[in-house]
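File shown: work-v2.cif. Contents: mmCIF, C-alpha atoms.
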```cif
data_model
loop_
_atom_site.label_atom_id
_atom_site.label_comp_id
_atom_site.auth_asym_id
_atom_site.auth_seq_id
_atom_site.Cartn_x
_atom_site.Cartn_y
_atom_site.Cartn_z
CA MET A 1 -40.85 15.74 -6.40
CA ILE A 2 -37.77 17.47 -5.01
CA ASN A 3 -39.96 19.55 -2.72
CA ASN A 4 -42.23 16.72 -1.65
CA GLU A 5 -39.60 14.01 -1.35
CA GLU A 6 -38.87 14.91 2.25
CA ARG A 7 -42.52 14.62 3.16
CA PHE A 8 -42.83 11.26 1.38
CA PHE A 9 -39.69 10.08 3.12
CA ASN A 10 -41.02 11.12 6.52
CA TYR A 11 -44.34 9.47 5.76
CA PHE A 12 -42.88 6.13 4.67
CA PHE A 13 -40.28 5.96 7.39
CA ASN A 14 -42.67 6.96 10.17
CA LYS A 15 -40.94 10.21 10.93
CA MET A 16 -44.10 12.36 10.83
CA ASN A 17 -45.91 13.48 13.92
CA ARG A 18 -49.64 12.81 14.13
CA ASP A 19 -50.76 16.28 13.03
CA ASP A 20 -48.43 16.34 10.02
CA LEU A 21 -49.56 12.86 9.08
CA ILE A 22 -53.27 13.80 9.05
CA SER A 23 -52.58 16.99 7.13
CA PHE A 24 -50.44 15.12 4.57
CA GLU A 25 -53.04 12.40 3.99
CA ASN A 26 -55.74 15.01 3.46
CA GLU A 27 -53.58 16.80 0.93
CA LEU A 28 -52.85 13.53 -0.82
CA ARG A 29 -56.56 12.88 -1.27
CA SER A 30 -57.23 16.33 -2.65
CA SER A 31 -54.25 16.78 -5.00
CA VAL A 32 -53.92 14.54 -8.05
CA THR A 33 -50.42 15.84 -8.85
CA LEU A 34 -49.21 15.09 -5.35
CA ALA A 35 -50.86 11.66 -5.46
CA ASP A 36 -49.06 10.85 -8.76
CA GLU A 37 -45.75 11.92 -7.32
CA PHE A 38 -46.44 9.92 -4.21
CA ASN A 39 -47.28 6.72 -6.14
CA SER A 40 -44.17 7.06 -8.21
CA TYR A 41 -42.09 7.40 -5.05
CA LYS A 42 -43.98 4.54 -3.43
CA GLN A 43 -42.92 2.14 -6.22
CA ILE A 44 -39.31 2.80 -5.53
CA VAL A 45 -39.72 2.59 -1.78
CA GLU A 46 -41.49 -0.75 -2.11
CA LEU A 47 -38.73 -2.17 -4.26
CA VAL A 48 -36.15 -0.92 -1.80
CA GLN A 49 -38.08 -2.42 1.12
CA GLU A 50 -38.20 -5.80 -0.58
CA THR A 51 -34.47 -5.87 -1.06
CA LYS A 52 -33.69 -4.43 2.33
CA GLY A 53 -32.79 -6.42 5.37
CA LEU A 54 -31.80 -9.50 3.40
CA GLU A 55 -30.09 -12.02 5.62
CA LEU A 56 -26.52 -12.94 4.94
CA ASN A 57 -26.09 -16.68 5.35
CA THR A 58 -24.71 -17.98 8.63
CA ASP A 59 -21.53 -19.50 7.15
CA TYR A 60 -20.57 -16.22 5.57
CA LYS A 61 -21.34 -14.26 8.73
CA GLN A 62 -19.14 -16.55 10.80
CA SER A 63 -16.33 -16.38 8.25
CA VAL A 64 -16.22 -12.58 8.47
CA ILE A 65 -14.80 -12.50 12.00
CA MET A 66 -12.48 -15.42 11.30
CA ASN A 67 -11.07 -13.77 8.18
CA PHE A 68 -10.74 -10.50 10.03
CA ARG A 69 -8.82 -12.12 12.89
CA GLU A 70 -6.50 -13.81 10.39
CA ARG A 71 -5.79 -10.50 8.71
CA VAL A 72 -5.17 -8.72 11.98
CA GLU A 73 -2.73 -11.39 13.12
CA LYS A 74 -0.78 -11.52 9.86
CA PRO A 75 0.55 -7.96 9.87
CA ARG A 76 1.51 -8.33 13.53
CA ARG A 77 3.68 -11.30 12.65
CA SER A 78 5.11 -9.55 9.62
CA ILE A 79 5.98 -6.49 11.77
CA TYR A 80 8.23 -8.72 13.87
CA TYR A 81 9.82 -10.15 10.73
CA VAL A 82 10.36 -6.65 9.38
CA LYS A 83 11.97 -5.54 12.65
CA TYR A 84 14.36 -8.49 12.64
CA GLY A 85 14.93 -8.01 8.93
CA ILE A 86 15.92 -4.38 9.43
CA ALA A 87 18.30 -5.29 12.26
CA PHE A 88 19.90 -8.05 10.18
CA ALA A 89 20.19 -5.80 7.11
CA SER A 90 21.82 -3.05 9.23
CA ILE A 91 24.44 -5.49 10.48
CA LEU A 92 25.11 -6.69 6.93
CA ILE A 93 25.41 -3.12 5.66
CA PHE A 94 27.80 -2.28 8.50
CA ILE A 95 30.02 -5.28 7.73
CA ALA A 96 29.92 -4.65 3.99
CA GLY A 97 30.66 -0.96 4.60
CA TYR A 98 33.65 -1.85 6.77
CA PHE A 99 35.18 -4.11 4.13
CA LEU A 100 34.42 -1.68 1.35
CA THR A 101 36.09 1.24 3.13
CA ASN A 102 39.11 -0.90 3.84
CA GLN A 103 39.33 -1.94 0.23
CA ILE A 104 39.06 1.66 -0.94
CA LYS A 105 41.80 2.68 1.47
CA ASN A 106 44.05 -0.13 0.29
CA ALA A 107 43.26 0.48 -3.35
CA LYS A 108 44.94 3.90 -3.46
CA PRO A 109 48.62 2.93 -3.70
CA THR A 110 47.71 -0.11 -5.80
CA ASP A 111 46.01 2.08 -8.39
CA GLU A 112 48.99 4.41 -8.50
CA LEU A 113 51.30 1.46 -8.91
CA LYS A 114 49.21 0.08 -11.72
CA GLU A 115 49.55 3.38 -13.51
CA ILE A 116 53.33 3.52 -13.02
CA TYR A 117 53.65 -0.11 -14.02
CA SER A 118 51.74 0.48 -17.22
CA GLN A 119 54.15 3.28 -18.10
CA LEU A 120 57.26 1.11 -17.73
CA SER A 121 58.88 -0.50 -20.73
CA TYR A 122 59.18 -4.25 -21.05
CA GLU A 123 62.78 -4.19 -19.95
CA ASP A 124 62.00 -2.13 -16.86
CA LYS A 125 59.30 -4.57 -15.94
CA LYS A 126 61.69 -7.46 -16.46
CA ILE A 127 64.21 -5.92 -14.09
CA LEU A 128 61.59 -5.35 -11.47
CA ALA A 129 60.30 -8.84 -11.96
CA ASP A 130 63.74 -10.35 -11.44
CA GLN A 131 64.14 -8.47 -8.19
CA ILE A 132 60.82 -9.01 -6.64
CA ASP A 133 59.88 -12.31 -8.15
CA PHE A 134 56.70 -11.91 -10.15
CA GLU A 135 55.69 -12.65 -13.66
CA ILE A 136 55.52 -10.01 -16.37
CA LYS A 137 52.04 -9.78 -17.79
CA PRO A 138 51.76 -8.76 -21.44
CA ASP A 139 48.60 -6.77 -20.76
CA ASP A 140 50.17 -4.75 -17.95
CA GLN A 141 47.86 -6.33 -15.40
CA LEU A 142 49.32 -7.41 -12.09
CA SER A 143 47.75 -9.73 -9.65
CA ASP A 144 46.98 -8.38 -6.21
CA SER A 145 49.76 -10.39 -4.60
CA GLU A 146 52.25 -9.08 -7.12
CA LEU A 147 51.12 -5.54 -6.56
CA GLN A 148 51.50 -6.06 -2.85
CA LYS A 149 55.06 -7.15 -3.37
CA LEU A 150 55.75 -4.12 -5.53
CA ASP A 151 53.97 -1.89 -3.08
CA SER A 152 56.16 -3.07 -0.25
CA LEU A 153 59.17 -1.63 -2.05
CA TYR A 154 58.16 1.94 -1.40
CA ALA A 155 55.66 1.65 1.40
CA ASP A 156 56.34 3.81 4.43
CA LYS A 157 56.54 0.82 6.61
CA PHE A 158 59.06 -1.57 5.21
CA ASP A 159 58.65 -5.09 6.24
CA GLU A 160 61.60 -5.98 8.40
CA SER A 161 62.21 -9.25 6.70
CA ILE A 162 62.53 -7.49 3.34
CA LEU A 163 64.97 -5.01 4.82
CA GLU A 164 67.02 -7.86 6.15
CA SER A 165 67.05 -9.60 2.82
CA ILE A 166 68.12 -6.37 1.10
CA THR A 167 71.03 -5.78 3.47
CA SER A 168 72.13 -9.38 3.40
CA ASN A 169 72.13 -9.39 -0.41
CA SER A 170 73.91 -6.15 -1.12
CA GLU A 171 75.25 -7.72 -4.27
CA ASP A 172 71.74 -7.99 -5.52
CA LEU A 173 71.25 -4.32 -4.93
CA LEU A 174 74.29 -3.60 -7.03
CA ASN A 175 72.88 -5.82 -9.70
CA ILE A 176 69.70 -3.80 -9.65
CA ASN A 177 71.64 -0.62 -10.22
CA SER A 178 73.73 -2.14 -12.95
CA ASN A 179 70.70 -3.63 -14.56
CA LEU A 180 68.93 -0.32 -14.38
CA SER A 181 71.84 1.40 -16.06
CA ASP A 182 71.79 -1.26 -18.80
CA VAL A 183 68.17 -0.55 -19.37
CA GLU A 184 69.00 3.02 -20.20
CA ASP A 185 70.53 1.80 -23.42
CA TYR A 186 67.13 0.67 -24.63
CA LEU A 187 65.24 3.79 -23.60
CA THR A 188 65.08 7.28 -24.94
CA ASP A 189 66.29 10.09 -22.66
CA ILE A 190 62.72 11.17 -22.02
CA GLU A 191 61.69 7.66 -21.01
CA VAL A 192 64.69 7.32 -18.74
CA ASP A 193 63.91 10.63 -17.07
CA ARG A 194 60.35 9.57 -16.61
CA VAL A 195 61.25 6.22 -15.09
CA TYR A 196 63.67 7.82 -12.67
CA THR A 197 61.29 10.58 -11.77
CA GLU A 198 58.59 8.07 -11.02
CA LEU A 199 60.90 5.81 -9.07
CA ILE A 200 62.34 8.71 -7.06
CA ASN A 201 58.86 9.95 -6.31
CA LYS A 202 58.00 6.57 -5.01
CA GLU A 203 61.16 6.58 -2.89
CA ILE A 204 62.46 3.40 -4.45
CA LEU A 205 65.72 5.16 -5.15
CA MET B 1 -24.21 -12.05 33.90
CA HIS B 2 -25.55 -8.98 32.11
CA GLU B 3 -24.24 -8.78 28.58
CA VAL B 4 -22.87 -5.37 27.64
CA ASN B 5 -24.09 -4.42 24.21
CA ASN B 6 -24.08 -0.66 23.86
CA ASP B 7 -21.38 0.91 21.73
CA TYR B 8 -19.79 2.96 24.49
CA ASP B 9 -19.33 0.02 26.86
CA LEU B 10 -18.12 -2.27 24.10
CA ILE B 11 -15.53 0.25 22.93
CA LYS B 12 -14.41 0.87 26.51
CA SER B 13 -14.12 -2.84 27.14
CA PHE B 14 -12.16 -3.33 23.91
CA ILE B 15 -9.76 -0.51 24.77
CA GLU B 16 -9.19 -2.16 28.13
CA GLY B 17 -8.03 -5.24 26.25
CA ASN B 18 -11.16 -7.31 25.83
CA GLU B 19 -10.89 -8.65 22.28
CA SER B 20 -14.29 -10.30 22.37
CA ALA B 21 -15.85 -6.86 22.84
CA PHE B 22 -14.54 -5.96 19.42
CA ASN B 23 -15.99 -9.16 17.97
CA ARG B 24 -19.38 -8.13 19.33
CA LEU B 25 -19.08 -4.70 17.77
CA ALA B 26 -18.08 -6.30 14.49
CA ILE B 27 -21.04 -8.67 14.57
CA LYS B 28 -23.34 -5.77 15.40
CA TYR B 29 -22.25 -3.67 12.43
CA GLN B 30 -21.07 -6.18 9.85
CA ASP B 31 -24.41 -6.45 8.02
CA LYS B 32 -24.77 -2.68 7.74
CA ILE B 33 -21.22 -2.30 6.43
CA TYR B 34 -21.62 -5.19 4.03
CA TRP B 35 -24.90 -3.98 2.56
CA HIS B 36 -23.79 -0.40 2.14
CA ALA B 37 -20.67 -1.65 0.35
CA ARG B 38 -22.65 -4.14 -1.72
CA ARG B 39 -25.12 -1.49 -2.89
CA MET B 40 -22.36 0.92 -3.70
CA THR B 41 -20.11 -1.53 -5.55
CA GLY B 42 -22.75 -3.92 -6.88
CA ASN B 43 -20.88 -7.11 -6.08
CA HIS B 44 -20.09 -9.45 -3.23
CA LEU B 45 -16.30 -9.62 -3.65
CA ASP B 46 -15.80 -5.88 -3.30
CA ALA B 47 -18.34 -5.69 -0.49
CA ASP B 48 -16.54 -8.44 1.40
CA GLU B 49 -13.18 -6.74 0.88
CA ILE B 50 -14.57 -3.41 2.09
CA LEU B 51 -16.11 -5.08 5.13
CA GLN B 52 -12.74 -6.56 6.08
CA GLU B 53 -10.93 -3.28 5.51
CA VAL B 54 -13.44 -1.34 7.60
CA LEU B 55 -13.14 -3.81 10.46
CA ILE B 56 -9.37 -3.47 10.37
CA VAL B 57 -9.63 0.33 10.41
CA LEU B 58 -12.04 0.15 13.32
CA TYR B 59 -9.78 -2.22 15.18
CA ASN B 60 -6.79 0.06 14.77
CA LYS B 61 -8.51 3.42 15.25
CA LEU B 62 -11.21 2.68 17.77
CA LYS B 63 -8.93 3.88 20.55
CA LEU B 64 -8.98 7.32 18.94
CA PHE B 65 -12.78 7.50 18.68
CA GLU B 66 -13.93 10.46 20.73
CA PHE B 67 -17.72 9.99 20.62
CA LYS B 68 -18.15 13.39 18.97
CA SER B 69 -20.44 11.67 16.48
CA SER B 70 -22.23 8.36 16.84
CA LEU B 71 -20.22 5.22 16.15
CA TYR B 72 -22.76 4.42 13.45
CA THR B 73 -22.01 7.68 11.59
CA TRP B 74 -18.28 7.15 11.99
CA ILE B 75 -18.51 3.60 10.63
CA TYR B 76 -20.57 4.81 7.68
CA THR B 77 -18.03 7.51 6.91
CA ILE B 78 -15.22 4.95 6.84
CA THR B 79 -17.30 2.50 4.82
CA ASN B 80 -18.39 5.09 2.31
CA THR B 81 -14.84 6.33 1.81
CA ARG B 82 -13.66 2.77 1.21
CA CYS B 83 -16.47 2.24 -1.27
CA LEU B 84 -15.55 5.35 -3.22
CA ASN B 85 -11.91 4.25 -3.26
CA ILE B 86 -12.73 0.83 -4.61
CA ILE B 87 -15.12 2.27 -7.20
CA LYS B 88 -12.37 4.64 -8.38
CA LYS B 89 -9.91 1.76 -8.48
CA ASN B 90 -12.31 -0.36 -10.53
CA ASN B 91 -12.97 2.53 -12.91
CA LEU B 92 -9.24 2.99 -13.35
CA ARG B 93 -8.86 -0.70 -14.10
CA LYS B 94 -11.51 -0.36 -16.81
CA ILE B 95 -9.80 2.71 -18.29
CA LEU B 96 -6.41 0.99 -18.30
CA GLY B 97 -7.97 -2.04 -19.93
CA LEU B 98 -7.09 -4.30 -17.05
CA GLY B 99 -10.64 -5.56 -17.03
CA GLU B 100 -13.01 -6.00 -14.18
CA ILE B 101 -12.54 -8.57 -11.50
CA ILE B 102 -14.99 -11.23 -12.50
CA ASN B 103 -16.96 -12.64 -9.66
CA VAL B 104 -17.29 -16.27 -10.54
CA LYS B 105 -19.56 -16.93 -7.60
CA ASP B 106 -23.27 -16.35 -7.76
CA GLU B 107 -23.80 -12.94 -6.16
CA SER B 108 -26.65 -14.22 -4.05
CA GLN B 109 -24.74 -17.27 -2.82
CA ASN B 110 -24.01 -15.63 0.50
CA LEU B 111 -27.63 -14.69 1.12
CA GLU B 112 -30.61 -16.42 2.62
CA ILE B 113 -32.91 -15.47 -0.24
CA ASP B 114 -35.76 -16.86 -2.35
CA LEU B 115 -35.91 -16.66 -6.14
CA GLU B 116 -38.38 -13.78 -6.34
CA ARG B 117 -36.35 -11.59 -4.00
CA LYS B 118 -33.20 -12.61 -5.79
CA GLN B 119 -34.61 -11.25 -9.07
CA LYS B 120 -35.65 -8.01 -7.40
CA LEU B 121 -32.24 -7.67 -5.82
CA GLU B 122 -30.56 -8.15 -9.18
CA SER B 123 -32.88 -5.61 -10.76
CA ILE B 124 -32.21 -2.88 -8.19
CA GLU B 125 -28.47 -3.64 -8.04
CA LYS B 126 -28.27 -3.30 -11.82
CA ALA B 127 -30.16 -0.01 -11.69
CA LEU B 128 -27.99 1.33 -8.88
CA GLN B 129 -24.82 0.60 -10.82
CA LYS B 130 -26.13 2.74 -13.65
CA LEU B 131 -26.36 5.77 -11.40
CA PRO B 132 -23.44 8.17 -11.09
CA VAL B 133 -21.62 7.57 -7.80
CA LYS B 134 -22.81 10.83 -6.20
CA GLN B 135 -26.43 9.94 -6.89
CA ARG B 136 -25.92 6.34 -5.87
CA GLU B 137 -24.47 7.16 -2.46
CA VAL B 138 -27.26 9.57 -1.54
CA PHE B 139 -29.91 7.16 -2.83
CA VAL B 140 -28.50 4.28 -0.80
CA MET B 141 -28.07 6.28 2.38
CA ARG B 142 -31.46 7.90 2.10
CA ASN B 143 -33.58 4.91 1.09
CA TYR B 144 -31.75 1.93 2.52
CA ASN B 145 -30.21 3.46 5.61
CA GLU B 146 -33.05 5.93 6.18
CA MET B 147 -30.68 8.78 6.88
CA SER B 148 -31.63 12.43 7.00
CA TYR B 149 -29.92 14.82 4.59
CA GLU B 150 -28.05 16.29 7.55
CA GLU B 151 -26.63 12.91 8.47
CA ILE B 152 -25.68 12.20 4.86
CA SER B 153 -24.07 15.63 4.68
CA GLN B 154 -22.00 14.78 7.76
CA ILE B 155 -20.79 11.55 6.15
CA THR B 156 -20.18 12.78 2.62
CA GLY B 157 -19.17 16.37 3.36
CA LYS B 158 -21.64 17.64 0.74
CA THR B 159 -24.23 20.34 1.24
CA VAL B 160 -27.84 19.42 1.93
CA GLY B 161 -28.91 21.28 -1.25
CA ALA B 162 -26.49 19.29 -3.42
CA LEU B 163 -27.63 16.06 -1.79
CA LYS B 164 -31.31 16.86 -2.42
CA ALA B 165 -30.60 17.62 -6.07
CA ASN B 166 -28.61 14.40 -6.48
CA HIS B 167 -31.31 12.39 -4.79
CA PHE B 168 -33.97 13.90 -7.01
CA HIS B 169 -32.05 12.88 -10.14
CA ALA B 170 -31.36 9.46 -8.65
CA LEU B 171 -35.06 8.82 -7.98
CA ASN B 172 -36.02 9.80 -11.52
CA LYS B 173 -33.33 7.61 -13.06
CA ILE B 174 -34.15 4.61 -10.90
CA LYS B 175 -37.78 4.98 -11.83
CA GLU B 176 -36.90 4.96 -15.52
CA LEU B 177 -34.46 2.09 -15.20
CA ILE B 178 -36.90 -0.10 -13.31
CA LYS B 179 -39.65 0.65 -15.83
CA ASN B 180 -37.38 -0.42 -18.70
CA ASP B 181 -36.04 -3.50 -16.93
#
```

Let me see the structure of the file written as structure tokens.
Amino acid sequence: MINNEERFFNYFFNKMNRDDLISFENELRSSVTLADEFNSYKQIVELVQETKGLELNTDYKQSVIMNFRERVEKPRRSIYYVKYGIAFASILIFIAGYFLTNQIKNAKPTDELKEIYSQLSYEDKKILADQIDFEIKPDDQLSDSELQKLDSLYADKFDESILESITSNSEDLLNINSNLSDVEDYLTDIEVDRVYTELINKEIL
Amino acid sequence: MHEVNNDYDLIKSFIEGNESAFNRLAIKYQDKIYWHARRMTGNHLDADEILQEVLIVLYNKLKLFEFKSSLYTWIYTITNTRCLNIIKKNNLRKILGLGEIINVKDESQNLEIDLERKQKLESIEKALQKLPVKQREVFVMRNYNEMSYEEISQITGKTVGALKANHFHALNKIKELIKND
């Protein structure tokens, strides 16, 4: 059939010229094998023809364009939303980034202070607490406001008001020194050295 | 006023911004797209989905159409590719055990059809679904769309020899399947 299929196809779908058509029909009458093949092919073609060109119902046909238009419009709208979404997200990221960088910048001295603070003995902490007015936490954790206060002691830029209070209360400064020297009694030499080293490094003394 | 209805003028009109020209193109080709998809996939839901997808592709890409082939061939190429994609997707769903999408609607609900033709349609659709995809596509294009092997080759990218061989096997199988139905 593979060889004759093209001829059958051309015959059924009216693609044969007149001469070929006459020649084919003559051959069909004379060859039983060809006629069998042809009839077998004809069965299929007839079935195909009967199920070909079926009409889709009118409601469905009309709904096709409507559904298509809906689908075409939807992405258009969503593109606008996406554009605005991206713009809004960029602004949010920028703001969040700004605050995050600031926090990271500010976190540096605070982290160092936390470390130093954790290395101080209870007595050292008490002295510091008396001077700069914050509570001693048993778990070595300071609140942000307390750390800020502590930070201001060695920060490059001293707050003027603190400077004023230090100069006006020189007695307090003496007390600090005396208190610090008292503390030495409760510390080993190594601990004392360490405290002083850390404090000198932080330009407190 | 004379109504423009040839593909070239409709496309030109659509590109110039006339949306109704696209609607006319869609109406002109929607049956052909639907039926090719329906014969390839064997069900209305997939055929409807393919029809919508093809229309969207046409809508978006029509501006790029260069008339190197006929619009008809181009539409068939897009439709056939979509059909193969959805068939692959459905096969994958079966393999992964996700099950087939069950079409609760009567498949012939969207057709103007009598009972006798409905039975014949079911019979041939069932037979077609039993054919391997390569044989099915050449059978559908050859017998339903009356395409030459050269045209089918242009759409599928397969050689004429391979298409003839596939069609030969498809004819024999369909014959057997219909006999046993």

Output as CSV one row per residue of chain A within 10 Å of chain B: the closest atom pair and its distance in Å to one decimal place, counting all atoms listed in the file, sorted by chain and residue number ascending.
```
residue,atom,partner,partner_atom,distance
A:Met1,CA,B:Phe168,CA,7.1
A:Ile2,CA,B:Phe168,CA,5.6
A:Asn3,CA,B:Lys164,CA,9.1
A:Glu5,CA,B:Phe168,CA,8.0
A:Glu6,CA,B:Ser148,CA,9.0
A:Phe9,CA,B:Asn143,CA,8.3
A:Asn10,CA,B:Ser148,CA,9.5
A:Phe12,CA,B:Glu146,CA,9.9
A:Phe13,CA,B:Glu146,CA,7.3
A:Ser40,CA,B:Lys175,CA,7.6
A:Tyr41,CA,B:Leu171,CA,7.7
A:Gln43,CA,B:Lys175,CA,8.1
A:Ile44,CA,B:Lys175,CA,6.8
A:Val45,CA,B:Asn143,CA,7.2
A:Leu47,CA,B:Lys120,CA,7.3
A:Val48,CA,B:Tyr144,CA,6.8
A:Gln49,CA,B:Tyr144,CA,7.8
A:Glu50,CA,B:Arg117,CA,7.0
A:Thr51,CA,B:Leu121,CA,5.6
A:Lys52,CA,B:Tyr144,CA,6.7
A:Gly53,CA,B:Trp35,CA,8.7
A:Leu54,CA,B:Leu111,CA,7.0
A:Glu55,CA,B:Glu112,CA,5.4
A:Leu56,CA,B:Leu111,CA,4.3
A:Asn57,CA,B:Leu111,CA,4.9
A:Thr58,CA,B:Asn110,CA,8.5
A:Asp59,CA,B:Asn110,CA,8.1
A:Tyr60,CA,B:Asn110,CA,6.2
A:Lys61,CA,B:Ile27,CA,8.1
A:Gln62,CA,B:Ile27,CA,8.9
A:Val64,CA,B:Gln52,CA,7.4
A:Ile65,CA,B:Asn23,CA,6.9
A:Met66,CA,B:Asn23,CA,9.8
A:Asn67,CA,B:Gln52,CA,7.7
A:Phe68,CA,B:Gln52,CA,5.9
A:Arg69,CA,B:Ile56,CA,9.0
A:Arg71,CA,B:Ile56,CA,8.1
A:Val72,CA,B:Ile56,CA,6.9
```

- Rounded to one decimal in Å, what is the spacing between atom CA of Ile50 of chain B and atom CA of Cys83 of chain B?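 The value is 6.8 Å.
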
- Find the distance between atom CA of Ile15 of chain B and atom CA of Phe67 of chain B and write it in Å to one decimal.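 One can read the atom CA of Ile15 of chain B to atom CA of Phe67 of chain B distance as 13.8 Å.
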
- Query: So how many Å separate atom CA of Asp9 of chain B and atom CA of Lys61 of chain B, to one decimal?
  - Reply: 16.2 Å

- Message: Would you pick out the contacts of segment 151-155 of chain B at 10 Å or less, using only C-alpha atoms, so that residues sharing its chain but fewer than 5 positions from it are not included, and give the list as a PyMOL selection string?
- Response: chain B and resi 69+73-81+137-138+141-142+145-146+160-163

- Item | Test item: the PyMOL selection byres ((chain A and resi 25-33) around 12) resolved as a list in words |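 Applying the PyMOL selection byres ((chain A and resi 25-33) around 12) to the structure shown produces Met1, Asn4, Arg7, Phe8, Tyr11, Phe12, Met16, Arg18, Asp19, Asp20, Leu21, Ile22, Ser23, Phe24, Leu34, Ala35, Asp36, Glu37, Phe38, Asn39 and Ser40 of chain A.
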
- All residues 8 Å or closer to Leu131 of chain B, all atoms listed in the file, same chain fewer than 5 positions away omitted, as a list in words: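 So, after excluding close chain neighbours, the residues are Arg136, Ala170, Lys173 and Ile174 of chain B.
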
Those same residues - C-alpha atoms - I'd like them written as an mmCIF file, in the frame of the given file.
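Okay, this is what ended up in out38.cif:
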```cif
data_model
loop_
_atom_site.group_PDB
_atom_site.id
_atom_site.type_symbol
_atom_site.label_atom_id
_atom_site.label_comp_id
_atom_site.auth_asym_id
_atom_site.auth_seq_id
_atom_site.Cartn_x
_atom_site.Cartn_y
_atom_site.Cartn_z
ATOM 1 C CA ARG B 136 -25.920 6.340 -5.870
ATOM 2 C CA ALA B 170 -31.360 9.460 -8.650
ATOM 3 C CA LYS B 173 -33.330 7.610 -13.060
ATOM 4 C CA ILE B 174 -34.150 4.610 -10.900
#
```

- Query: Between B:Glu16, B:Asp114, B:Asp46, B:Glu176, which one has atoms that come closest to Leu128 of chain B, using only C-alpha atoms?
  - Reply: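 With only C-alpha atoms as the atom set, the closest residue is B:Glu176.
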